[in-house]
Amino acid sequence: MSTNLRVKLRETFLNGEAPKPNLRADLLAAFAELIGMTIFIFLALAGVQAALEAPKTETGGPTVSQIQSVAFSFGTGITVGLFVCAPYSGGALNPAVLLCLLITRQMSWMRGALIFIAEIVGAILGAYFANWTTANILQGVNALNPGFNYAQGFFAEMLLTFVLCAVVLFVIVENQEPLVKFAPIVVGLTVFMCHMIGTPIDGTSINPARSFGAAVVTGRWANSWIFWFGPLIGGFFATIVYFIHKGFTNAFVRTCNTLGKKNALMTLKLTFFFFFFFFFLDRFAAAH
């Protein structure tokens, strides 16, 4: 591939170069990620433990109130963890999200490797802390619930993680104001909704480190591949969609600069005109 082509592709799909490795700064970011991940997993799994101590349904699945409590525990847990570590590490707290940030060159590969290790260690520590604070066996382990097969669990994890990673890329990485100021809350609400949907299926992972930490503590590894490949593939697809968006956006900006502001505004006006014209035409046809 020629140098000019590589430069054009970089300008189309990416914003500048990836940050250079800085061992001191990267270690500080990894330590912050370790603290944030430990807090997140401890609060989330401890909340899950309190919710699942109550009797379950006749089929063995969680009740509606348990699903809501689990979703709330993970949503608030990751919100608190992000407020703690995001100013220092960026606040991935999820290997699938970390993969998206690495592919989009938001951090160096050295920092990514250190943060990944910190996430795994933090997830294990948080799971141990949650296990120590309860009298019974830790129940926040991901596993397929009765009535669901491997394919359903895999696609649920992939699709839900796609949603989470898309929110991170389009809201936080794109630096959308004013939502970026409330990034931990935006991510927390997304995680809450993902757990409302996925908890009846497999307890909801959307985070390989979270599943790994709970599995290490309990020794229950059934279907662990679902909770690694599902989220990672979902994050990868979210990155592809983000790249497509960046390509169209940057191409449109270059077209506007080429045509000039007047022609660009005229094109935009015509676009809106035809959109509303066909919309009202469709409504009129539906009414008659």
# chains A, B, ... in the order shown; residues from 1 in each chain; ligands from 1

$ select_by_dssp --residues "region 8-96 of chain A" --states "alpha helix (DSSP H)" --output "PyMOL selection string"
chain A and resi 8-13+23-52+64-89+95-96

$ residues_around --residues "region 122-136 of chain A" --least-positions-apart "3" --cutoff "9 Å" --atoms "only C-alpha atoms" --output "number ranges by chain"
A: 33-47, 49-50, 53, 117-119, 139-140, 209-218

$ closest_residue --among "A:Ser108, A:Asn223, A:Thr199, A:Asn175" --to "Ala29 (chain A)" --atoms "only C-alpha atoms"
A:Ser108

$ atom_distance --atom1 "CA of Ile137 (chain A)" --atom2 "CA of Thr161 (chain A)"
27.3 Å

$ closest_atom_pairs --of "region 29-104 of chain A" --to "region 227-234 of chain A" --cutoff "8 Å" --atoms "only C-alpha atoms" --output "tab-separated table"
residue	atom	partner	partner_atom	distance
A:Pro95	CA	A:Leu232	CA	7.5
A:Ala96	CA	A:Leu232	CA	4.9
A:Leu99	CA	A:Leu232	CA	7.5

$ atom_distance --atom1 "CA of Gln66 (chain A)" --atom2 "CA of Val80 (chain A)"
21.0 Å

$ residues_around --residues "region 189-193 of chain A" --least-positions-apart "3" --cutoff "8 Å" --atoms "only C-alpha atoms" --output "number ranges by chain"
A: 71-72, 74-76, 78, 163-164, 167, 185-186, 196-197

$ write_last_selection --atoms "C-alpha atoms" --output "compact mmCIF listing (two decimals), in the first residue's frame"
# COMPACT_ATOMS: atom_id res chain seq x y z
CA ALA A 71 -29.41 -4.19 36.45
CA PHE A 72 -29.37 -1.38 39.01
CA PHE A 74 -24.28 -3.03 37.57
CA GLY A 75 -25.48 0.34 36.29
CA THR A 76 -24.63 2.20 39.49
CA ILE A 78 -19.91 1.08 36.76
CA VAL A 163 -24.85 -1.22 21.92
CA LEU A 164 -22.54 -0.43 24.85
CA VAL A 167 -22.50 4.47 22.95
CA ILE A 185 -24.03 8.34 33.85
CA VAL A 186 -24.59 7.70 30.12
CA MET A 196 -32.52 -5.56 32.03
CA ILE A 197 -32.50 -7.35 28.67

$ closest_residue --among "A:Val97, A:Ala238, A:Met110, A:Ala92" --to "Ala166 (chain A)" --atoms "only C-alpha atoms"
A:Ala238

$ residues_around --residues "Leu144 (chain A)" --least-positions-apart "2" --cutoff "12 Å" --atoms "only C-alpha atoms" --output "CSV table (one decimal) with C-alpha atoms, in the first residue's frame"
chain,number,residue,atom,x,y,z
A,60,GLY,CA,-34.8,-21.4,38.2
A,61,GLY,CA,-34.6,-18.1,36.5
A,62,PRO,CA,-34.6,-14.7,38.2
A,141,VAL,CA,-21.5,-16.0,37.8
A,142,ASN,CA,-22.6,-15.8,34.2
A,146,PRO,CA,-32.9,-22.7,31.6
A,147,GLY,CA,-34.7,-22.4,28.3
A,148,PHE,CA,-31.9,-20.6,26.4
A,149,ASN,CA,-29.3,-22.2,24.1
A,150,TYR,CA,-25.7,-21.3,23.2
A,151,ALA,CA,-26.7,-19.4,20.1
A,152,GLN,CA,-29.2,-17.2,22.0
A,153,GLY,CA,-26.6,-16.5,24.7
A,154,PHE,CA,-23.9,-15.7,22.2
A,156,ALA,CA,-27.4,-11.6,23.1
A,157,GLU,CA,-23.9,-10.9,24.4
A,198,GLY,CA,-29.7,-9.9,29.2
A,199,THR,CA,-30.1,-11.0,32.8
A,200,PRO,CA,-33.0,-13.4,32.1
A,201,ILE,CA,-30.8,-15.0,29.4
A,202,ASP,CA,-27.4,-15.5,30.9
A,203,GLY,CA,-27.0,-13.0,33.7
A,204,THR,CA,-25.5,-10.5,31.3
A,205,SER,CA,-21.8,-10.3,30.8
A,221,TRP,CA,-16.4,-22.0,34.0
A,222,ALA,CA,-19.4,-23.4,32.0
A,223,ASN,CA,-19.9,-21.7,28.7
A,224,SER,CA,-17.1,-19.2,29.4
A,225,TRP,CA,-16.3,-18.8,25.7
A,226,ILE,CA,-19.7,-17.1,25.2
A,227,PHE,CA,-18.7,-14.4,27.6

$ atom_distance --atom1 "CA of Ile115 (chain A)" --atom2 "CA of Ala30 (chain A)"
4.6 Å

$ decode --residues "region 68-120 of chain A" --atoms "C-alpha atoms" --output "PDB file, in the first residue's frame"
ATOM      1  CA  GLN A  68     -34.212  -4.926  38.159  1.00  0.00           C
ATOM      2  CA  SER A  69     -31.943  -5.156  41.197  1.00  0.00           C
ATOM      3  CA  VAL A  70     -29.159  -6.822  39.203  1.00  0.00           C
ATOM      4  CA  ALA A  71     -29.414  -4.188  36.449  1.00  0.00           C
ATOM      5  CA  PHE A  72     -29.369  -1.384  39.012  1.00  0.00           C
ATOM      6  CA  SER A  73     -26.338  -2.888  40.770  1.00  0.00           C
ATOM      7  CA  PHE A  74     -24.276  -3.032  37.573  1.00  0.00           C
ATOM      8  CA  GLY A  75     -25.476   0.338  36.289  1.00  0.00           C
ATOM      9  CA  THR A  76     -24.629   2.195  39.490  1.00  0.00           C
ATOM     10  CA  GLY A  77     -21.477   0.134  40.079  1.00  0.00           C
ATOM     11  CA  ILE A  78     -19.914   1.081  36.763  1.00  0.00           C
ATOM     12  CA  THR A  79     -21.016   4.705  37.188  1.00  0.00           C
ATOM     13  CA  VAL A  80     -19.146   4.942  40.495  1.00  0.00           C
ATOM     14  CA  GLY A  81     -16.118   3.126  39.054  1.00  0.00           C
ATOM     15  CA  LEU A  82     -15.986   5.494  36.072  1.00  0.00           C
ATOM     16  CA  PHE A  83     -16.179   8.603  38.237  1.00  0.00           C
ATOM     17  CA  VAL A  84     -13.187   7.245  40.173  1.00  0.00           C
ATOM     18  CA  CYS A  85     -10.869   6.222  37.323  1.00  0.00           C
ATOM     19  CA  ALA A  86     -11.998   8.000  34.135  1.00  0.00           C
ATOM     20  CA  PRO A  87      -9.972  11.213  34.746  1.00  0.00           C
ATOM     21  CA  TYR A  88      -6.783   9.140  34.910  1.00  0.00           C
ATOM     22  CA  SER A  89      -7.250   6.114  32.631  1.00  0.00           C
ATOM     23  CA  GLY A  90     -10.141   7.084  30.375  1.00  0.00           C
ATOM     24  CA  GLY A  91     -12.366   4.555  32.129  1.00  0.00           C
ATOM     25  CA  ALA A  92     -12.730   1.543  29.849  1.00  0.00           C
ATOM     26  CA  LEU A  93     -13.477  -0.953  32.662  1.00  0.00           C
ATOM     27  CA  ASN A  94     -14.233  -3.531  29.978  1.00  0.00           C
ATOM     28  CA  PRO A  95     -11.905  -5.447  27.594  1.00  0.00           C
ATOM     29  CA  ALA A  96     -14.478  -5.125  24.781  1.00  0.00           C
ATOM     30  CA  VAL A  97     -14.548  -1.340  25.166  1.00  0.00           C
ATOM     31  CA  LEU A  98     -10.750  -1.366  25.473  1.00  0.00           C
ATOM     32  CA  LEU A  99     -10.536  -3.204  22.146  1.00  0.00           C
ATOM     33  CA  CYS A 100     -12.633  -0.475  20.492  1.00  0.00           C
ATOM     34  CA  LEU A 101     -10.397   2.252  21.937  1.00  0.00           C
ATOM     35  CA  LEU A 102      -7.265   0.484  20.727  1.00  0.00           C
ATOM     36  CA  ILE A 103      -8.571  -0.076  17.208  1.00  0.00           C
ATOM     37  CA  THR A 104      -9.660   3.571  16.950  1.00  0.00           C
ATOM     38  CA  ARG A 105      -6.210   4.607  18.243  1.00  0.00           C
ATOM     39  CA  GLN A 106      -7.402   6.390  21.352  1.00  0.00           C
ATOM     40  CA  MET A 107      -4.443   4.996  23.312  1.00  0.00           C
ATOM     41  CA  SER A 108      -1.115   3.295  22.730  1.00  0.00           C
ATOM     42  CA  TRP A 109      -0.826  -0.483  22.643  1.00  0.00           C
ATOM     43  CA  MET A 110       1.423  -0.429  25.717  1.00  0.00           C
ATOM     44  CA  ARG A 111      -1.193   1.424  27.746  1.00  0.00           C
ATOM     45  CA  GLY A 112      -3.841  -0.923  26.373  1.00  0.00           C
ATOM     46  CA  ALA A 113      -1.872  -3.981  27.515  1.00  0.00           C
ATOM     47  CA  LEU A 114      -1.332  -2.548  31.004  1.00  0.00           C
ATOM     48  CA  ILE A 115      -4.988  -1.557  31.326  1.00  0.00           C
ATOM     49  CA  PHE A 116      -6.118  -5.007  30.192  1.00  0.00           C
ATOM     50  CA  ILE A 117      -4.037  -6.631  32.932  1.00  0.00           C
ATOM     51  CA  ALA A 118      -5.401  -4.116  35.435  1.00  0.00           C
ATOM     52  CA  GLU A 119      -8.987  -4.920  34.399  1.00  0.00           C
ATOM     53  CA  ILE A 120      -8.479  -8.666  34.842  1.00  0.00           C
TER      54      ILE A 120
END
